[in-house]
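Structure file upload_21.txt with compact mmCIF, C-alpha atoms and all ligand atoms:
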# COMPACT_ATOMS: atom_id res chain seq x y z
CA MET A 1 -76.86 -63.66 2.00
CA SER A 2 -75.95 -62.74 5.63
CA GLU A 3 -76.23 -59.11 6.82
CA THR A 4 -73.31 -57.23 8.38
CA VAL A 5 -73.94 -56.26 12.01
CA VAL A 6 -72.62 -52.83 13.11
CA GLY A 7 -69.04 -53.21 14.39
CA GLN A 8 -68.69 -56.66 12.83
CA HIS A 9 -65.81 -57.33 10.45
CA HIS A 10 -66.56 -58.16 6.84
CA ILE A 11 -63.81 -60.48 5.63
CA VAL A 12 -63.55 -61.31 1.93
CA VAL A 13 -61.33 -64.20 0.87
CA ILE A 14 -60.28 -63.91 -2.77
CA GLY A 15 -59.40 -67.26 -4.36
CA ALA A 16 -61.83 -70.19 -4.19
CA GLY A 17 -59.12 -72.88 -4.16
CA ALA A 18 -58.18 -75.21 -1.31
CA PHE A 19 -56.66 -72.68 1.08
CA GLY A 20 -59.04 -69.79 0.40
CA THR A 21 -62.07 -72.02 0.85
CA ALA A 22 -60.65 -73.56 4.03
CA LEU A 23 -60.03 -70.13 5.55
CA ALA A 24 -63.51 -68.97 4.59
CA VAL A 25 -65.07 -72.14 6.06
CA VAL A 26 -63.30 -71.92 9.43
CA MET A 27 -64.06 -68.20 9.86
CA ALA A 28 -67.69 -68.57 8.78
CA LEU A 29 -68.17 -71.49 11.21
CA GLU A 30 -66.96 -69.26 14.04
CA GLY A 31 -69.69 -66.80 13.10
CA ARG A 32 -68.08 -63.64 14.53
CA ALA A 33 -67.44 -61.97 11.16
CA LYS A 34 -69.40 -61.77 7.94
CA VAL A 35 -67.34 -63.89 5.53
CA THR A 36 -67.52 -63.94 1.73
CA LEU A 37 -65.59 -66.27 -0.58
CA LEU A 38 -64.87 -64.43 -3.84
CA GLY A 39 -63.99 -66.67 -6.80
CA ARG A 40 -63.30 -65.72 -10.38
CA ASP A 41 -65.26 -68.54 -12.00
CA PRO A 42 -69.02 -67.80 -11.93
CA SER A 43 -70.00 -71.40 -12.63
CA LEU A 44 -67.87 -72.71 -9.73
CA ILE A 45 -69.39 -70.11 -7.39
CA ALA A 46 -72.90 -71.08 -8.52
CA ASP A 47 -72.09 -74.75 -7.83
CA LEU A 48 -70.68 -74.01 -4.37
CA LYS A 49 -73.84 -72.08 -3.48
CA ALA A 50 -76.12 -74.79 -4.83
CA ASP A 51 -74.25 -77.88 -3.56
CA GLY A 52 -72.81 -76.65 -0.25
CA VAL A 53 -69.55 -78.51 -0.93
CA HIS A 54 -66.33 -77.84 -2.86
CA ASP A 55 -65.39 -81.39 -3.73
CA ALA A 56 -62.53 -80.43 -6.07
CA ALA A 57 -60.71 -78.53 -3.31
CA LEU A 58 -61.99 -79.94 -0.01
CA PRO A 59 -63.75 -83.27 -0.56
CA GLY A 60 -66.25 -84.16 2.15
CA VAL A 61 -66.24 -80.72 3.82
CA SER A 62 -69.64 -78.99 4.18
CA LEU A 63 -69.62 -75.29 3.41
CA PRO A 64 -71.29 -73.55 6.37
CA TYR A 65 -74.69 -71.96 5.99
CA GLY A 66 -73.38 -68.53 7.07
CA LEU A 67 -70.70 -68.35 4.34
CA ASP A 68 -71.47 -66.01 1.45
CA PHE A 69 -70.20 -66.48 -2.10
CA ALA A 70 -69.51 -63.95 -4.85
CA PHE A 71 -67.81 -63.64 -8.20
CA GLU A 72 -68.48 -59.92 -8.69
CA PRO A 73 -65.60 -57.92 -7.20
CA ASP A 74 -67.85 -55.09 -6.03
CA VAL A 75 -68.50 -57.17 -2.89
CA LEU A 76 -65.09 -55.85 -1.82
CA GLY A 77 -66.56 -52.37 -1.39
CA ASN A 78 -67.71 -53.09 2.17
CA ALA A 79 -64.91 -55.41 3.34
CA ASP A 80 -62.44 -54.20 5.96
CA ILE A 81 -60.21 -57.32 5.77
CA VAL A 82 -59.30 -58.91 2.42
CA LEU A 83 -57.36 -62.16 2.15
CA PHE A 84 -55.46 -62.85 -1.09
CA ALA A 85 -55.53 -66.67 -1.27
CA MET A 86 -54.32 -67.29 -4.82
CA PRO A 87 -50.86 -68.68 -5.81
CA SER A 88 -47.80 -66.46 -5.36
CA GLN A 89 -47.27 -65.87 -9.06
CA ALA A 90 -50.89 -64.67 -9.44
CA GLN A 91 -50.80 -62.17 -6.55
CA ALA A 92 -49.63 -59.21 -8.63
CA ASP A 93 -52.32 -59.75 -11.28
CA ALA A 94 -54.95 -60.20 -8.59
CA ALA A 95 -53.90 -56.93 -6.93
CA MET A 96 -54.30 -55.12 -10.24
CA ALA A 97 -57.67 -56.74 -10.93
CA TYR A 98 -59.24 -56.37 -7.48
CA GLY A 99 -57.40 -53.27 -6.17
CA PRO A 100 -59.83 -50.77 -7.69
CA TYR A 101 -62.73 -52.37 -5.79
CA LEU A 102 -61.15 -52.29 -2.31
CA ALA A 103 -62.73 -50.10 0.36
CA PRO A 104 -60.42 -47.25 1.43
CA GLU A 105 -59.96 -48.74 4.94
CA ALA A 106 -59.36 -52.33 3.79
CA MET A 107 -56.41 -54.24 5.26
CA VAL A 108 -54.92 -56.78 2.86
CA VAL A 109 -53.45 -60.15 3.92
CA THR A 110 -51.48 -62.28 1.50
CA CYS A 111 -51.92 -65.99 2.19
CA ALA A 112 -49.53 -67.36 -0.44
CA LYS A 113 -46.23 -69.07 0.31
CA GLY A 114 -43.77 -67.89 -2.28
CA ILE A 115 -41.70 -65.08 -3.74
CA ASP A 116 -42.63 -63.20 -6.90
CA ARG A 117 -40.61 -64.81 -9.68
CA ALA A 118 -40.63 -61.87 -12.07
CA THR A 119 -39.22 -59.39 -9.55
CA SER A 120 -37.66 -61.60 -6.79
CA ARG A 121 -39.70 -59.53 -4.33
CA LEU A 122 -41.57 -60.58 -1.21
CA LEU A 123 -45.31 -60.62 -1.80
CA THR A 124 -46.04 -57.98 0.86
CA ASP A 125 -43.63 -55.57 -0.90
CA LEU A 126 -45.19 -56.38 -4.26
CA LEU A 127 -48.74 -55.88 -2.98
CA GLU A 128 -47.83 -52.64 -1.21
CA GLU A 129 -46.50 -51.29 -4.49
CA LYS A 130 -49.67 -52.31 -6.36
CA LEU A 131 -52.03 -51.25 -3.54
CA PRO A 132 -50.26 -48.18 -2.09
CA HIS A 133 -53.20 -47.05 0.07
CA HIS A 134 -53.59 -50.34 1.93
CA PRO A 135 -51.53 -51.91 4.73
CA VAL A 136 -50.41 -55.43 3.74
CA ALA A 137 -49.91 -58.34 6.14
CA VAL A 138 -49.02 -61.99 5.61
CA LEU A 139 -50.52 -65.22 6.95
CA SER A 140 -48.26 -68.28 6.92
CA GLY A 141 -47.40 -71.35 8.94
CA PRO A 142 -48.14 -75.06 9.30
CA GLY A 143 -51.66 -75.95 8.24
CA PHE A 144 -53.06 -78.06 5.44
CA ALA A 145 -56.26 -76.64 3.99
CA MET A 146 -58.07 -79.89 4.71
CA ASP A 147 -57.08 -79.86 8.40
CA ILE A 148 -58.17 -76.23 8.81
CA ALA A 149 -61.49 -76.81 7.04
CA ARG A 150 -62.24 -79.93 9.13
CA GLY A 151 -61.79 -77.88 12.29
CA LEU A 152 -58.68 -79.71 13.47
CA PRO A 153 -56.50 -77.59 15.80
CA THR A 154 -54.05 -75.50 13.74
CA ALA A 155 -51.80 -72.51 14.48
CA MET A 156 -50.16 -70.04 12.11
CA ALA A 157 -48.38 -66.67 12.15
CA LEU A 158 -49.86 -63.34 11.05
CA ALA A 159 -47.22 -60.69 10.38
CA ALA A 160 -47.61 -56.99 9.67
CA SER A 161 -45.00 -54.23 9.83
CA ASN A 162 -47.05 -52.70 12.66
CA ILE A 163 -47.49 -55.11 15.60
CA ASP A 164 -50.78 -53.50 16.68
CA MET A 165 -52.22 -54.21 13.26
CA ALA A 166 -50.85 -57.77 13.35
CA GLU A 167 -52.52 -58.34 16.71
CA GLU A 168 -55.81 -56.87 15.52
CA LEU A 169 -55.80 -59.10 12.43
CA ALA A 170 -54.75 -62.17 14.43
CA ARG A 171 -57.67 -61.62 16.83
CA SER A 172 -60.14 -60.99 13.99
CA ILE A 173 -59.20 -64.06 11.94
CA SER A 174 -58.51 -66.59 14.74
CA THR A 175 -61.20 -69.08 15.72
CA ARG A 176 -61.50 -71.77 18.39
CA THR A 177 -59.67 -74.21 16.09
CA PHE A 178 -57.50 -71.86 14.01
CA ARG A 179 -55.14 -69.87 16.20
CA LEU A 180 -52.95 -67.06 14.90
CA TYR A 181 -49.85 -65.62 16.56
CA ALA A 182 -49.00 -62.00 15.76
CA SER A 183 -45.57 -60.94 14.52
CA ASP A 184 -43.96 -57.78 13.16
CA ASP A 185 -41.51 -59.79 11.03
CA ARG A 186 -43.06 -59.99 7.58
CA THR A 187 -39.70 -60.89 6.02
CA GLY A 188 -39.06 -63.85 8.32
CA VAL A 189 -42.60 -65.18 8.07
CA GLN A 190 -42.69 -64.98 4.27
CA LEU A 191 -39.25 -66.42 3.66
CA GLY A 192 -40.09 -69.32 5.99
CA GLY A 193 -43.19 -70.15 3.94
CA ALA A 194 -41.35 -69.91 0.63
CA LEU A 195 -38.17 -71.75 1.59
CA LYS A 196 -39.81 -74.63 3.45
CA ASN A 197 -41.46 -75.58 0.16
CA VAL A 198 -38.05 -75.83 -1.54
CA LEU A 199 -36.80 -77.99 1.33
CA ALA A 200 -39.93 -80.16 1.18
CA ILE A 201 -39.10 -80.91 -2.46
CA ALA A 202 -35.60 -81.94 -1.33
CA CYS A 203 -37.12 -84.21 1.35
CA GLY A 204 -39.34 -85.79 -1.30
CA MET A 205 -36.24 -86.54 -3.37
CA VAL A 206 -34.47 -88.03 -0.34
CA GLU A 207 -37.46 -90.29 0.32
CA GLY A 208 -37.91 -91.16 -3.35
CA ARG A 209 -34.29 -92.25 -3.63
CA GLY A 210 -34.51 -94.27 -0.40
CA LEU A 211 -31.75 -92.27 1.28
CA GLY A 212 -33.20 -92.82 4.75
CA GLU A 213 -34.74 -90.95 7.64
CA SER A 214 -31.34 -89.86 8.97
CA ALA A 215 -30.70 -88.03 5.71
CA ARG A 216 -34.11 -86.36 5.99
CA ALA A 217 -33.35 -85.15 9.54
CA ALA A 218 -30.00 -83.77 8.39
CA LEU A 219 -31.71 -82.03 5.50
CA ILE A 220 -34.33 -80.44 7.75
CA SER A 221 -31.77 -79.05 10.18
CA ARG A 222 -29.27 -77.89 7.55
CA GLY A 223 -32.18 -76.48 5.55
CA LEU A 224 -33.28 -74.54 8.60
CA ALA A 225 -29.75 -73.11 8.87
CA GLU A 226 -30.01 -71.91 5.25
CA MET A 227 -33.39 -70.38 5.96
CA SER A 228 -31.97 -68.57 8.97
CA ARG A 229 -29.06 -67.15 7.01
CA LEU A 230 -31.25 -65.69 4.27
CA VAL A 231 -33.88 -64.38 6.70
CA THR A 232 -31.30 -62.49 8.78
CA ALA A 233 -29.45 -61.24 5.68
CA MET A 234 -32.73 -59.79 4.40
CA GLY A 235 -33.55 -58.09 7.71
CA GLY A 236 -35.79 -60.72 9.33
CA LYS A 237 -35.40 -62.30 12.77
CA ALA A 238 -33.74 -65.62 13.62
CA ASP A 239 -36.50 -66.20 16.22
CA THR A 240 -39.11 -66.20 13.47
CA VAL A 241 -37.28 -69.04 11.73
CA ARG A 242 -37.62 -71.17 14.87
CA GLY A 243 -41.37 -70.45 14.99
CA LEU A 244 -44.52 -71.62 13.25
CA SER A 245 -43.78 -70.17 9.82
CA GLY A 246 -40.23 -71.57 9.73
CA LEU A 247 -39.49 -74.72 11.69
CA GLY A 248 -43.20 -75.51 12.19
CA ASP A 249 -44.11 -75.47 8.53
CA LEU A 250 -40.84 -77.10 7.49
CA VAL A 251 -41.46 -80.08 9.77
CA LEU A 252 -45.04 -80.42 8.54
CA THR A 253 -44.33 -80.17 4.83
CA ALA A 254 -41.09 -82.12 4.84
CA THR A 255 -42.67 -85.14 6.52
CA SER A 256 -46.22 -85.37 5.15
CA HIS A 257 -47.44 -86.93 1.95
CA GLN A 258 -50.30 -84.43 2.02
CA SER A 259 -47.71 -81.88 0.82
CA ARG A 260 -47.73 -81.21 -2.92
CA ASN A 261 -44.13 -80.02 -2.68
CA LEU A 262 -43.00 -83.25 -1.03
CA ARG A 263 -44.90 -85.28 -3.62
CA TYR A 264 -43.24 -83.28 -6.41
CA GLY A 265 -39.82 -84.17 -4.95
CA LEU A 266 -40.85 -87.83 -4.88
CA ALA A 267 -41.89 -87.62 -8.53
CA LEU A 268 -38.56 -85.99 -9.45
CA ALA A 269 -36.73 -88.83 -7.71
CA HIS A 270 -38.72 -91.34 -9.73
CA GLY A 271 -38.03 -89.45 -12.93
CA ASP A 272 -41.67 -88.73 -13.66
CA ALA A 273 -42.22 -85.10 -12.66
CA ALA A 274 -43.74 -82.85 -15.28
CA GLY A 275 -42.60 -79.21 -15.20
CA PRO A 276 -43.83 -76.83 -12.49
CA GLY A 277 -47.16 -75.31 -13.44
CA SER A 278 -48.27 -78.40 -15.34
CA GLY A 279 -50.05 -80.09 -12.42
CA PRO A 280 -51.09 -79.34 -8.84
CA LEU A 281 -49.63 -76.16 -7.42
CA VAL A 282 -45.98 -76.65 -6.38
CA GLU A 283 -44.87 -73.31 -4.98
CA GLY A 284 -41.36 -74.55 -4.14
CA ALA A 285 -40.63 -75.33 -7.78
CA PHE A 286 -41.01 -71.61 -8.51
CA ALA A 287 -39.36 -70.43 -5.29
CA ALA A 288 -36.17 -72.50 -5.69
CA ALA A 289 -34.65 -70.44 -8.50
CA VAL A 290 -35.69 -67.13 -6.93
CA ALA A 291 -34.25 -68.16 -3.55
CA ALA A 292 -30.99 -69.19 -5.25
CA ARG A 293 -30.85 -65.74 -6.90
CA LEU A 294 -31.50 -64.03 -3.56
CA ALA A 295 -28.78 -66.15 -1.92
CA GLU A 296 -26.30 -64.96 -4.52
CA HIS A 297 -27.44 -61.36 -4.21
CA TYR A 298 -27.11 -61.33 -0.39
CA GLY A 299 -23.91 -63.42 -0.36
CA VAL A 300 -25.55 -66.20 1.63
CA VAL A 301 -24.52 -69.87 1.39
CA MET A 302 -27.57 -72.03 0.52
CA PRO A 303 -26.27 -75.27 -1.02
CA ILE A 304 -29.47 -77.31 -0.59
CA THR A 305 -31.68 -74.62 -2.11
CA GLU A 306 -29.22 -74.14 -4.98
CA ALA A 307 -29.12 -77.90 -5.61
CA VAL A 308 -32.94 -78.10 -5.73
CA ALA A 309 -33.04 -75.19 -8.19
CA ALA A 310 -30.42 -76.84 -10.41
CA ILE A 311 -32.23 -80.21 -10.36
CA ILE A 312 -35.55 -78.60 -11.34
CA GLU A 313 -33.79 -76.72 -14.17
CA GLY A 314 -32.32 -80.02 -15.37
CA ALA A 315 -28.77 -78.77 -14.78
CA LEU A 316 -27.93 -81.36 -12.09
CA ASP A 317 -29.05 -84.88 -11.26
CA ILE A 318 -30.04 -86.01 -7.77
CA ASP A 319 -27.13 -88.42 -7.25
CA HIS A 320 -24.54 -85.79 -8.12
CA ALA A 321 -26.33 -83.25 -5.92
CA VAL A 322 -26.22 -85.59 -2.90
CA ASP A 323 -22.55 -86.34 -3.55
CA ALA A 324 -21.71 -82.64 -3.85
CA LEU A 325 -23.58 -81.79 -0.63
CA MET A 326 -21.87 -84.59 1.32
CA THR A 327 -18.36 -83.69 0.16
CA ARG A 328 -18.47 -79.95 0.81
CA PRO A 329 -15.55 -78.80 2.98
CA ILE A 330 -16.05 -79.74 6.65
CA THR A 331 -17.20 -76.72 8.61
CA THR A 332 -18.71 -75.76 11.98
CA GLU A 333 -22.42 -76.12 12.61
N1 LIG B 1 -53.54 -75.99 0.15
C1 LIG B 1 -52.98 -75.82 1.34
O1 LIG B 1 -53.01 -76.74 2.21
C2 LIG B 1 -52.30 -74.53 1.68
C3 LIG B 1 -51.97 -73.62 0.72
N2 LIG B 1 -51.31 -72.47 1.06
C4 LIG B 1 -50.91 -71.51 0.04
O2 LIG B 1 -52.06 -70.91 -0.52
C5 LIG B 1 -51.81 -70.52 -1.86
C6 LIG B 1 -52.94 -71.08 -2.74
O3 LIG B 1 -52.87 -72.48 -2.64
P1 LIG B 1 -54.14 -73.43 -2.85
O4 LIG B 1 -55.38 -72.76 -2.39
O5 LIG B 1 -53.78 -74.74 -2.27
O6 LIG B 1 -54.15 -73.54 -4.43
P2 LIG B 1 -55.35 -73.99 -5.38
O7 LIG B 1 -54.71 -74.33 -6.67
O8 LIG B 1 -56.21 -74.99 -4.68
O9 LIG B 1 -56.24 -72.67 -5.54
C7 LIG B 1 -55.75 -71.49 -6.09
C8 LIG B 1 -56.93 -70.59 -6.36
O10 LIG B 1 -56.46 -69.32 -6.80
C9 LIG B 1 -57.27 -68.91 -7.89
N3 LIG B 1 -56.55 -67.95 -8.72
C10 LIG B 1 -55.46 -68.20 -9.50
N4 LIG B 1 -55.07 -67.07 -10.10
C11 LIG B 1 -55.94 -66.09 -9.68
C12 LIG B 1 -56.07 -64.71 -9.96
N5 LIG B 1 -55.20 -64.09 -10.77
N6 LIG B 1 -57.07 -64.04 -9.39
C13 LIG B 1 -57.95 -64.65 -8.58
N7 LIG B 1 -57.86 -65.97 -8.26
C14 LIG B 1 -56.87 -66.67 -8.81
C15 LIG B 1 -57.57 -70.20 -8.62
O11 LIG B 1 -58.66 -70.00 -9.47
P3 LIG B 1 -58.82 -70.90 -10.79
O12 LIG B 1 -59.17 -72.27 -10.30
O13 LIG B 1 -59.89 -70.19 -11.52
O14 LIG B 1 -57.48 -70.88 -11.49
C16 LIG B 1 -57.86 -71.12 -7.46
O15 LIG B 1 -59.19 -70.98 -7.01
C17 LIG B 1 -50.43 -71.09 -2.20
O16 LIG B 1 -49.46 -70.09 -2.12
C18 LIG B 1 -50.18 -72.14 -1.13
O17 LIG B 1 -48.83 -72.33 -0.84
C19 LIG B 1 -51.00 -72.17 2.34
C20 LIG B 1 -51.32 -73.05 3.36
C21 LIG B 1 -52.00 -74.29 3.11
O1 LIG B 2 -48.06 -75.09 3.10
C1 LIG B 2 -48.71 -76.08 3.29
C2 LIG B 2 -49.06 -76.55 4.64
O2 LIG B 2 -48.61 -75.69 5.65
C3 LIG B 2 -49.18 -76.87 2.12
O3 LIG B 2 -48.08 -77.48 1.54
P1 LIG B 2 -48.06 -77.93 0.01
O4 LIG B 2 -48.27 -76.68 -0.82
O5 LIG B 2 -46.71 -78.54 -0.20
O6 LIG B 2 -49.17 -78.91 -0.18
Go through the file and emit its structure as structure tokens.
Amino acid sequence: MSETVVGQHHIVVIGAGAFGTALAVVMALEGRAKVTLLGRDPSLIADLKADGVHDAALPGVSLPYGLDFAFEPDVLGNADIVLFAMPSQAQADAAMAYGPYLAPEAMVVTCAKGIDRATSRLLTDLLEEKLPHHPVAVLSGPGFAMDIARGLPTAMALAASNIDMAEELARSISTRTFRLYASDDRTGVQLGGALKNVLAIACGMVEGRGLGESARAALISRGLAEMSRLVTAMGGKADTVRGLSGLGDLVLTATSHQSRNLRYGLALAHGDAAGPGSGPLVEGAFAAAVAARLAEHYGVVMPITEAVAAIIEGALDIDHAVDALMTRPITTE
């Protein structure tokens, strides 16, 4: 186990899945901070320590020598930065389970891309309620876990309500291959991450039905317009939507077969998608209905998001959805 040097950050990543492990790997390789990956399954953690690989999450990636592993939450007692890298719908439970172990000065960063389904709340708001003594930031943007872990160049956004804190976290977490840009727009950054997943599902359906690349481009740009409307209605910035966590992540996820959300859309188009939660994590399948509720609440027009939500619920089929979207009244862009 590596020792903490005076003045050095101790960063704990909670959640030994694909993204949590990738973040831990890239930070540990940099070697500036002491980094611990905290998982909840003792046998998995024992295997990671013994084997030096996490083949289920990141096949072929070596776990660096300097990375520490733990399953006992008391390791949190000397961490000043704590990353919550579990799925959106597990963030509230994780805050309740790990909150009592956090050091008083710990800054919390949610790394999930979604909205809490039970409360329709942004994850930073949810975590702040559960962890009232800790500032909560969010990390989001274009970056597949595998690319980050392999040390390919990636850039994401780190947003906190206080820009000084966002800059401090961005500097502390960034590495030579993983570059973070600071923002004070938590709302914009989080909604970008959640909504691009819904739009990636739609792009998967477009591809699965053979509707063409022109349709996909139209979907990306009209989807971005929807994203912009909800972000600004909820107090976020239009500029954020054009940045890494909005346009950047939308382009990545809507065009890559690495994306689980895109693959889910493809499966829906082929009529062989099992329900959300029954297979690999598909955040957009949970976010679609919540985003549609938020759109209604804020009086924002989001026809693509609403169509995806209705298709997943089984209330609409893809052909009718496309027809309805194409025959909406002609309007300005
Ligand atoms: N994969 C990627 O490329 C990227 C993912 N993300 C985001 O990161 C988040 C996680 O995704 P990803 O890592 O891919 O998902 P995975 O399914 O690979 O991993 C999720 C991890 O969270 C753990 N977990 C689940 N519930 C809890 C809990 N209550 N407390 C502690 N740990 C828990 C799981 O443990 P167990 O196995 O025991 O259930 C698992 O280790 C998502 O919101 C995703 O959108 C963001 C950018 C890139
Ligand atoms: O968010 C991601 C990359 O930025 C990962 O996307 P998926 O969850 O669709 O695989």
Atom N3 of ligand LIG 1 (chain B) to atom CA of A:Ser256: how many Å, to one decimal?
24.5 Å
Counting all atoms listed in the file, what residues are within 8 Å of ligand LIG 2 (chain B), given as a ChimeraX atom specification?
/A:113,140-145,193,197,200,249,252-253,258-263,281-284
Selected residue, from A:Ala79, A:Val231, A:Ala215, A:Ala182, that lies nearest to A:Gly7 when counting all atoms listed in the file
A:Ala79
Return as CSV the residues of chain A lying at most 9 Å from ligand LIG 1 (chain B), together with the closest atom-to-atom pair for each and the distance in Å to one decimal, counting all atoms listed in the file, with rows in chain order and ascending residue number.
residue,atom,partner,partner_atom,distance
A:Ile14,CA,B:LIG1,C13,6.3
A:Gly15,CA,B:LIG1,O10,4.3
A:Ala16,CA,B:LIG1,O15,3.9
A:Gly17,CA,B:LIG1,O9,3.2
A:Ala18,CA,B:LIG1,O4,3.9
A:Phe19,CA,B:LIG1,O4,3.7
A:Gly20,CA,B:LIG1,O4,5.5
A:Thr21,CA,B:LIG1,O4,7.5
A:Ala22,CA,B:LIG1,O4,8.3
A:Leu38,CA,B:LIG1,C13,8.4
A:Gly39,CA,B:LIG1,N7,6.3
A:Arg40,CA,B:LIG1,O13,5.7
A:Asp41,CA,B:LIG1,O13,5.6
A:Leu44,CA,B:LIG1,O13,8.6
A:Ala56,CA,B:LIG1,O8,8.5
A:Ala57,CA,B:LIG1,O8,5.9
A:Leu58,CA,B:LIG1,O8,8.9
A:Phe84,CA,B:LIG1,C13,8.1
A:Ala85,CA,B:LIG1,C6,5.3
A:Met86,CA,B:LIG1,O10,3.6
A:Pro87,CA,B:LIG1,O16,4.2
A:Ser88,CA,B:LIG1,O16,5.1
A:Gln89,CA,B:LIG1,N4,8.0
A:Ala90,CA,B:LIG1,N5,4.5
A:Gln91,CA,B:LIG1,N5,6.4
A:Ala92,CA,B:LIG1,N5,7.7
A:Asp93,CA,B:LIG1,N5,5.2
A:Ala94,CA,B:LIG1,N6,4.5
A:Ala95,CA,B:LIG1,N6,8.2
A:Ala97,CA,B:LIG1,N6,7.5
A:Tyr98,CA,B:LIG1,N6,8.2
A:Thr110,CA,B:LIG1,O16,8.8
A:Cys111,CA,B:LIG1,O2,5.6
A:Ala112,CA,B:LIG1,O16,3.2
A:Lys113,CA,B:LIG1,O16,4.2
A:Gly114,CA,B:LIG1,O16,6.1
A:Leu139,CA,B:LIG1,C19,8.4
A:Ser140,CA,B:LIG1,C19,6.6
A:Gly141,CA,B:LIG1,C20,7.0
A:Pro142,CA,B:LIG1,C20,7.0
A:Gly143,CA,B:LIG1,C21,5.4
A:Phe144,CA,B:LIG1,O1,3.5
A:Ala145,CA,B:LIG1,O1,3.7
A:Met146,CA,B:LIG1,O1,6.5
A:Asp147,CA,B:LIG1,O1,8.0
A:Ile148,CA,B:LIG1,O1,8.4
A:Gly193,CA,B:LIG1,O17,7.7
A:Ala194,CA,B:LIG1,O17,8.0
A:Asn197,CA,B:LIG1,O17,8.1
A:Gln258,CA,B:LIG1,O1,8.2
A:Ser259,CA,B:LIG1,O1,7.5
A:Arg260,CA,B:LIG1,N1,8.4
A:Pro280,CA,B:LIG1,O7,6.6
A:Leu281,CA,B:LIG1,O7,5.5
A:Val282,CA,B:LIG1,O17,7.6
A:Glu283,CA,B:LIG1,O17,5.8
A:Gly284,CA,B:LIG1,O17,8.5
Could those selected residues go to a file with C-alpha atoms, as a tab-separated table (two decimals), in the frame of the given file?
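Result saved to selection.tsv:
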chain	number	residue	atom	x	y	z
A	14	ILE	CA	-60.28	-63.91	-2.77
A	15	GLY	CA	-59.40	-67.26	-4.36
A	16	ALA	CA	-61.83	-70.19	-4.19
A	17	GLY	CA	-59.12	-72.88	-4.16
A	18	ALA	CA	-58.18	-75.21	-1.31
A	19	PHE	CA	-56.66	-72.68	1.08
A	20	GLY	CA	-59.04	-69.79	0.40
A	21	THR	CA	-62.07	-72.02	0.85
A	22	ALA	CA	-60.65	-73.56	4.03
A	38	LEU	CA	-64.87	-64.43	-3.84
A	39	GLY	CA	-63.99	-66.67	-6.80
A	40	ARG	CA	-63.30	-65.72	-10.38
A	41	ASP	CA	-65.26	-68.54	-12.00
A	44	LEU	CA	-67.87	-72.71	-9.73
A	56	ALA	CA	-62.53	-80.43	-6.07
A	57	ALA	CA	-60.71	-78.53	-3.31
A	58	LEU	CA	-61.99	-79.94	-0.01
A	84	PHE	CA	-55.46	-62.85	-1.09
A	85	ALA	CA	-55.53	-66.67	-1.27
A	86	MET	CA	-54.32	-67.29	-4.82
A	87	PRO	CA	-50.86	-68.68	-5.81
A	88	SER	CA	-47.80	-66.46	-5.36
A	89	GLN	CA	-47.27	-65.87	-9.06
A	90	ALA	CA	-50.89	-64.67	-9.44
A	91	GLN	CA	-50.80	-62.17	-6.55
A	92	ALA	CA	-49.63	-59.21	-8.63
A	93	ASP	CA	-52.32	-59.75	-11.28
A	94	ALA	CA	-54.95	-60.20	-8.59
A	95	ALA	CA	-53.90	-56.93	-6.93
A	97	ALA	CA	-57.67	-56.74	-10.93
A	98	TYR	CA	-59.24	-56.37	-7.48
A	110	THR	CA	-51.48	-62.28	1.50
A	111	CYS	CA	-51.92	-65.99	2.19
A	112	ALA	CA	-49.53	-67.36	-0.44
A	113	LYS	CA	-46.23	-69.07	0.31
A	114	GLY	CA	-43.77	-67.89	-2.28
A	139	LEU	CA	-50.52	-65.22	6.95
A	140	SER	CA	-48.26	-68.28	6.92
A	141	GLY	CA	-47.40	-71.35	8.94
A	142	PRO	CA	-48.14	-75.06	9.30
A	143	GLY	CA	-51.66	-75.95	8.24
A	144	PHE	CA	-53.06	-78.06	5.44
A	145	ALA	CA	-56.26	-76.64	3.99
A	146	MET	CA	-58.07	-79.89	4.71
A	147	ASP	CA	-57.08	-79.86	8.40
A	148	ILE	CA	-58.17	-76.23	8.81
A	193	GLY	CA	-43.19	-70.15	3.94
A	194	ALA	CA	-41.35	-69.91	0.63
A	197	ASN	CA	-41.46	-75.58	0.16
A	258	GLN	CA	-50.30	-84.43	2.02
A	259	SER	CA	-47.71	-81.88	0.82
A	260	ARG	CA	-47.73	-81.21	-2.92
A	280	PRO	CA	-51.09	-79.34	-8.84
A	281	LEU	CA	-49.63	-76.16	-7.42
A	282	VAL	CA	-45.98	-76.65	-6.38
A	283	GLU	CA	-44.87	-73.31	-4.98
A	284	GLY	CA	-41.36	-74.55	-4.14
So which residues fall inside 12 Å of (-34.5, -60.0, 2.8) if we count all atoms listed in the file? Mind giving them as number ranges by chain?
A: 115, 120-125, 185-192, 227-237, 291, 293-295, 297-300
Surrounding residues of A:Val251 excluding itself and chain neighbours under 6 positions, 10 Å, all atoms listed in the file, as a ChimeraX atom specification:
/A:142,196,199-200,217,220-221,224,244
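In this structure, atom CA of A:Ser161 sits 20.5 Å away from atom CA of A:Leu195.
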What lies within 10 Å of A:Val26 using only C-alpha atoms, ignoring chain neighbours under 2 positions off, as a ChimeraX atom specification?
/A:21-24,28-31,35,63-64,67,148-152,173-178
Using all atoms listed in the file, the residue out of A:Gly66, A:Gly99, A:Gly279, A:Gly243 with shortest distance to A:Lys34 is A:Gly66
Counting all atoms listed in the file, which of A:Ser43, A:Thr119, A:Ser62, A:Gln8 gets nearest to A:Ile81?
A:Gln8
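Across A:Leu83, A:Ala292, A:Val108, A:Ile311, the tightest approach to A:Ala137 is made by A:Val108 when counting all atoms listed in the file.
The smallest atom-to-atom distance between A:Tyr264 and any of A:Ala166, A:Val198, A:Ile304, A:Ala46, using all atoms listed in the file, is found for A:Val198.
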